Amino acid sequence: MKKTIYVLLLAISITACKNESKQEPSKAAEAVEAETMTTSIYPESITKVFNAHGGIDTWNKMQTLSFSIEKPTGIEKTVKNLMTRAELIDTPTYTQGFDGKTLWINEKDGNAYRGKPKFYKGLMFYFYGMPFVFGDDGVDYKETEPLVFEGKTYPGILISYEAGVGESSDDQYKIFYDAETGQMEWLAYTVTFGKPEGSPDFHFIRYNNWQTVNGLVLPKSVDWYNYENNLPTEKRNTVEFTDVMLSEKAPDQAMFTMPESAKVID
């Protein structure tokens, strides 16, 4: 959908240029036009949020993202290929991998994995990659009612997906951002995985602790909130992200290959 809009805008731009004077445009003008062409495929509100975090164009240049989070069982490290979305999640008790096609689990030291690998695939990456994950194809944007929390009003964007996009295309998200800076402040999301239909309940995460990594403003920590009547109430817990790495160099594809001791998740 976005690529179609981009081609249409390009065709319009070329036609307009033919009807104008043949005077050679300056490099500065060309740069402004190129920037306008790139960002015009997104609504103004989400573009403002992207720009406040370093820009969607900068994000799209990156190929590798890695980060660690601390859990009761120890450190969990995620490595993600941002182009193919291949993923490796390594923990003290198991490793979960996705090579772009096959999802697998490799248990360690006889520990039986009792989680939901399909649900967990990409989950923490998705929460960490805010707001840039909403620049993917198949995303629809609409304005939504603002969030008012502790006397401050945050404008909102409703995010939904075209049918068949991802494991849970019925999921909905809401970004709430600072009206002045454009910086993302809250995420509201529904959970529909494994359910026959959409969910009316929105969970809430607060994003108010950021760090700059390779020119992009990414979370240093996020706070999960309790909620009532689809509104956040009080903070429940905090998840911190450490050892963050973001690179334009692609990761070694071999790291995502399923070892012989692993089992395929259908």
# chains A, B, ... in the order shown; residues from 1 in each chain; ligands from 1
$ select_by_dssp --residues "range 37-262 of chain A" --states "alpha helix (DSSP H)" --output "ChimeraX atom specification"
/A:37-39,44-52,56-61,117-120,123-128
$ write_last_selection --atoms "N, CA, C and O atoms" --output "CSV table (one decimal), in the first residue's frame"
chain,number,residue,atom,x,y,z
A,37,MET,N,8.9,13.5,-0.2
A,37,MET,CA,8.5,12.2,-0.9
A,37,MET,C,8.5,11.1,0.1
A,37,MET,O,7.6,10.2,0.1
A,38,THR,N,9.5,11.0,0.9
A,38,THR,CA,9.7,9.9,1.8
A,38,THR,C,8.7,9.9,3.0
A,38,THR,O,8.0,8.9,3.2
A,39,THR,N,8.5,11.0,3.6
A,39,THR,CA,7.7,11.1,4.8
A,39,THR,C,6.2,11.2,4.4
A,39,THR,O,5.3,10.9,5.3
A,44,GLU,N,0.7,12.8,9.1
A,44,GLU,CA,1.5,13.8,9.7
A,44,GLU,C,1.8,13.5,11.2
A,44,GLU,O,2.9,13.7,11.7
A,45,SER,N,0.8,13.0,11.9
A,45,SER,CA,0.9,12.7,13.3
A,45,SER,C,2.0,11.7,13.6
A,45,SER,O,2.9,11.8,14.4
A,46,ILE,N,2.0,10.5,12.9
A,46,ILE,CA,3.0,9.5,13.1
A,46,ILE,C,4.3,9.9,12.6
A,46,ILE,O,5.4,9.5,13.2
A,47,THR,N,4.4,10.7,11.6
A,47,THR,CA,5.6,11.2,11.1
A,47,THR,C,6.3,12.1,12.1
A,47,THR,O,7.5,12.1,12.4
A,48,LYS,N,5.5,12.9,12.8
A,48,LYS,CA,6.0,13.7,13.9
A,48,LYS,C,6.6,12.9,15.0
A,48,LYS,O,7.7,13.2,15.5
A,49,VAL,N,6.0,11.8,15.3
A,49,VAL,CA,6.5,10.9,16.3
A,49,VAL,C,7.8,10.2,15.9
A,49,VAL,O,8.8,10.2,16.6
A,50,PHE,N,7.8,9.7,14.6
A,50,PHE,CA,9.0,9.1,14.1
A,50,PHE,C,10.2,10.1,14.1
A,50,PHE,O,11.3,9.8,14.5
A,51,ASN,N,9.9,11.4,13.7
A,51,ASN,CA,11.0,12.4,13.7
A,51,ASN,C,11.5,12.7,15.1
A,51,ASN,O,12.7,13.0,15.2
A,52,ALA,N,10.6,12.7,16.1
A,52,ALA,CA,11.1,13.0,17.4
A,52,ALA,C,12.0,11.9,18.0
A,52,ALA,O,12.8,12.1,18.9
A,56,ILE,N,12.2,7.8,10.6
A,56,ILE,CA,12.0,6.5,10.0
A,56,ILE,C,13.1,6.1,9.0
A,56,ILE,O,13.4,4.9,8.8
A,57,ASP,N,13.6,7.1,8.3
A,57,ASP,CA,14.6,6.8,7.3
A,57,ASP,C,15.9,6.3,7.9
A,57,ASP,O,16.5,5.4,7.4
A,58,THR,N,16.2,6.8,9.1
A,58,THR,CA,17.4,6.4,9.8
A,58,THR,C,17.2,4.9,10.3
A,58,THR,O,18.1,4.1,10.2
A,59,TRP,N,16.0,4.7,10.8
A,59,TRP,CA,15.7,3.3,11.3
A,59,TRP,C,15.8,2.3,10.2
A,59,TRP,O,16.3,1.2,10.3
A,60,ASN,N,15.3,2.7,9.0
A,60,ASN,CA,15.3,1.8,7.9
A,60,ASN,C,16.6,1.4,7.3
A,60,ASN,O,16.8,0.5,6.6
A,61,LYS,N,17.6,2.2,7.7
A,61,LYS,CA,19.0,1.9,7.3
A,61,LYS,C,19.6,0.8,8.2
A,61,LYS,O,20.6,0.1,7.8
A,117,PRO,N,6.1,-20.2,22.4
A,117,PRO,CA,7.0,-19.6,21.5
A,117,PRO,C,6.5,-18.8,20.4
A,117,PRO,O,7.0,-17.8,20.0
A,118,LYS,N,5.3,-19.2,19.9
A,118,LYS,CA,4.7,-18.4,18.8
A,118,LYS,C,4.3,-17.0,19.3
A,118,LYS,O,4.4,-16.0,18.6
A,119,PHE,N,3.7,-17.0,20.5
A,119,PHE,CA,3.3,-15.7,21.1
A,119,PHE,C,4.5,-14.9,21.4
A,119,PHE,O,4.5,-13.6,21.2
A,120,TYR,N,5.6,-15.5,21.9
A,120,TYR,CA,6.8,-14.7,22.4
A,120,TYR,C,7.7,-14.3,21.2
A,120,TYR,O,8.5,-13.4,21.4
A,123,LEU,N,8.0,-10.6,20.4
A,123,LEU,CA,7.2,-9.8,21.4
A,123,LEU,C,7.9,-8.7,22.0
A,123,LEU,O,7.6,-7.5,21.9
A,124,MET,N,9.1,-9.0,22.6
A,124,MET,CA,9.9,-7.9,23.3
A,124,MET,C,10.5,-7.0,22.3
A,124,MET,O,10.7,-5.8,22.5
A,125,PHE,N,10.9,-7.5,21.1
A,125,PHE,CA,11.4,-6.7,20.1
A,125,PHE,C,10.4,-5.6,19.7
A,125,PHE,O,10.7,-4.5,19.5
A,126,TYR,N,9.1,-6.1,19.6
A,126,TYR,CA,8.0,-5.2,19.2
A,126,TYR,C,7.9,-4.1,20.2
A,126,TYR,O,7.8,-2.9,19.8
A,127,PHE,N,7.9,-4.4,21.5
A,127,PHE,CA,7.7,-3.4,22.5
A,127,PHE,C,9.0,-2.5,22.5
A,127,PHE,O,8.9,-1.3,22.7
A,128,TYR,N,10.1,-3.0,22.2
A,128,TYR,CA,11.3,-2.2,22.3
A,128,TYR,C,11.5,-1.4,21.0
A,128,TYR,O,12.0,-0.2,21.1
$ residues_around --residues "Asp243 in chain A" --least-positions-apart "4" --cutoff "8 Å" --atoms "only C-alpha atoms" --output "list in words"
Ser66, Phe67 and Ser68 of chain A
$ atom_distance --atom1 "CA of Val217 in chain A" --atom2 "CA of Met245 in chain A"
12.4 Å
$ residues_around --residues "Trp186 in chain A" --least-positions-apart "2" --cutoff "9 Å" --atoms "only C-alpha atoms" --output "list in words"
Leu147, Tyr154, Lys174, Ile175, Phe176, Tyr177, Met184, Ala188, Phe204, Ile205, Arg206, Tyr207 and Asn208 of chain A
$ closest_residue --among "A:Ser160, A:Asn111, A:Thr78, A:Thr257" --to "Thr242 in chain A" --atoms "only C-alpha atoms"
A:Thr78
$ residues_around --residues "range 259-266 of chain A" --least-positions-apart "3" --cutoff "7 Å" --atoms "only C-alpha atoms" --output "ChimeraX atom specification"
/A:103-106
$ write_last_selection --atoms "all heavy atoms" --output "mmCIF file, in the first residue's frame"
data_model
loop_
_atom_site.group_PDB
_atom_site.id
_atom_site.type_symbol
_atom_site.label_atom_id
_atom_site.label_comp_id
_atom_site.auth_asym_id
_atom_site.auth_seq_id
_atom_site.Cartn_x
_atom_site.Cartn_y
_atom_site.Cartn_z
ATOM 1 N N LEU A 103 10.485 -21.641 13.165
ATOM 2 C CA LEU A 103 10.585 -21.284 14.577
ATOM 3 C C LEU A 103 11.009 -22.525 15.347
ATOM 4 O O LEU A 103 10.451 -23.607 15.147
ATOM 5 C CB LEU A 103 9.233 -20.778 15.088
ATOM 6 C CG LEU A 103 9.135 -20.411 16.572
ATOM 7 C CD1 LEU A 103 10.036 -19.232 16.908
ATOM 8 C CD2 LEU A 103 7.685 -20.107 16.943
ATOM 9 N N TRP A 104 12.007 -22.373 16.239
ATOM 10 C CA TRP A 104 12.501 -23.545 16.970
ATOM 11 C C TRP A 104 12.845 -23.182 18.413
ATOM 12 O O TRP A 104 13.059 -22.020 18.750
ATOM 13 C CB TRP A 104 13.724 -24.150 16.280
ATOM 14 C CG TRP A 104 14.842 -23.186 15.946
ATOM 15 C CD1 TRP A 104 15.039 -22.526 14.765
ATOM 16 C CD2 TRP A 104 15.920 -22.793 16.798
ATOM 17 N NE1 TRP A 104 16.167 -21.736 14.842
ATOM 18 C CE2 TRP A 104 16.736 -21.878 16.072
ATOM 19 C CE3 TRP A 104 16.279 -23.113 18.116
ATOM 20 C CZ2 TRP A 104 17.876 -21.299 16.603
ATOM 21 C CZ3 TRP A 104 17.421 -22.511 18.653
ATOM 22 C CH2 TRP A 104 18.208 -21.624 17.904
ATOM 23 N N ILE A 105 12.881 -24.231 19.253
ATOM 24 C CA ILE A 105 13.243 -24.103 20.665
ATOM 25 C C ILE A 105 14.334 -25.120 20.981
ATOM 26 O O ILE A 105 14.239 -26.284 20.600
ATOM 27 C CB ILE A 105 12.027 -24.368 21.583
ATOM 28 C CG1 ILE A 105 11.049 -23.199 21.530
ATOM 29 C CG2 ILE A 105 12.474 -24.590 23.029
ATOM 30 C CD1 ILE A 105 11.520 -21.951 22.243
ATOM 31 N N ASN A 106 15.357 -24.673 21.673
ATOM 32 C CA ASN A 106 16.428 -25.565 22.108
ATOM 33 C C ASN A 106 16.537 -25.462 23.630
ATOM 34 O O ASN A 106 16.987 -24.444 24.164
ATOM 35 C CB ASN A 106 17.754 -25.173 21.452
ATOM 36 C CG ASN A 106 18.817 -26.233 21.645
ATOM 37 O OD1 ASN A 106 18.515 -27.415 21.776
ATOM 38 N ND2 ASN A 106 20.075 -25.817 21.648
#
$ atom_distance --atom1 "CA of Phe132 in chain A" --atom2 "CA of Leu218 in chain A"
9.5 Å
$ atom_distance --atom1 "CA of Thr91 in chain A" --atom2 "CA of Met62 in chain A"
24.6 Å
$ residues_around --residues "Glu228 in chain A" --least-positions-apart "5" --cutoff "12 Å" --atoms "only C-alpha atoms" --output "ChimeraX atom specification"
/A:201-204,233-234
$ select_by_dssp --residues "range 81-247 of chain A" --states "strand (DSSP E or B)" --output "number ranges by chain"
A: 81, 87-90, 94-98, 103-107, 139-149, 152-161, 173-177, 184-189, 203-213, 216-228, 231-240, 242-247
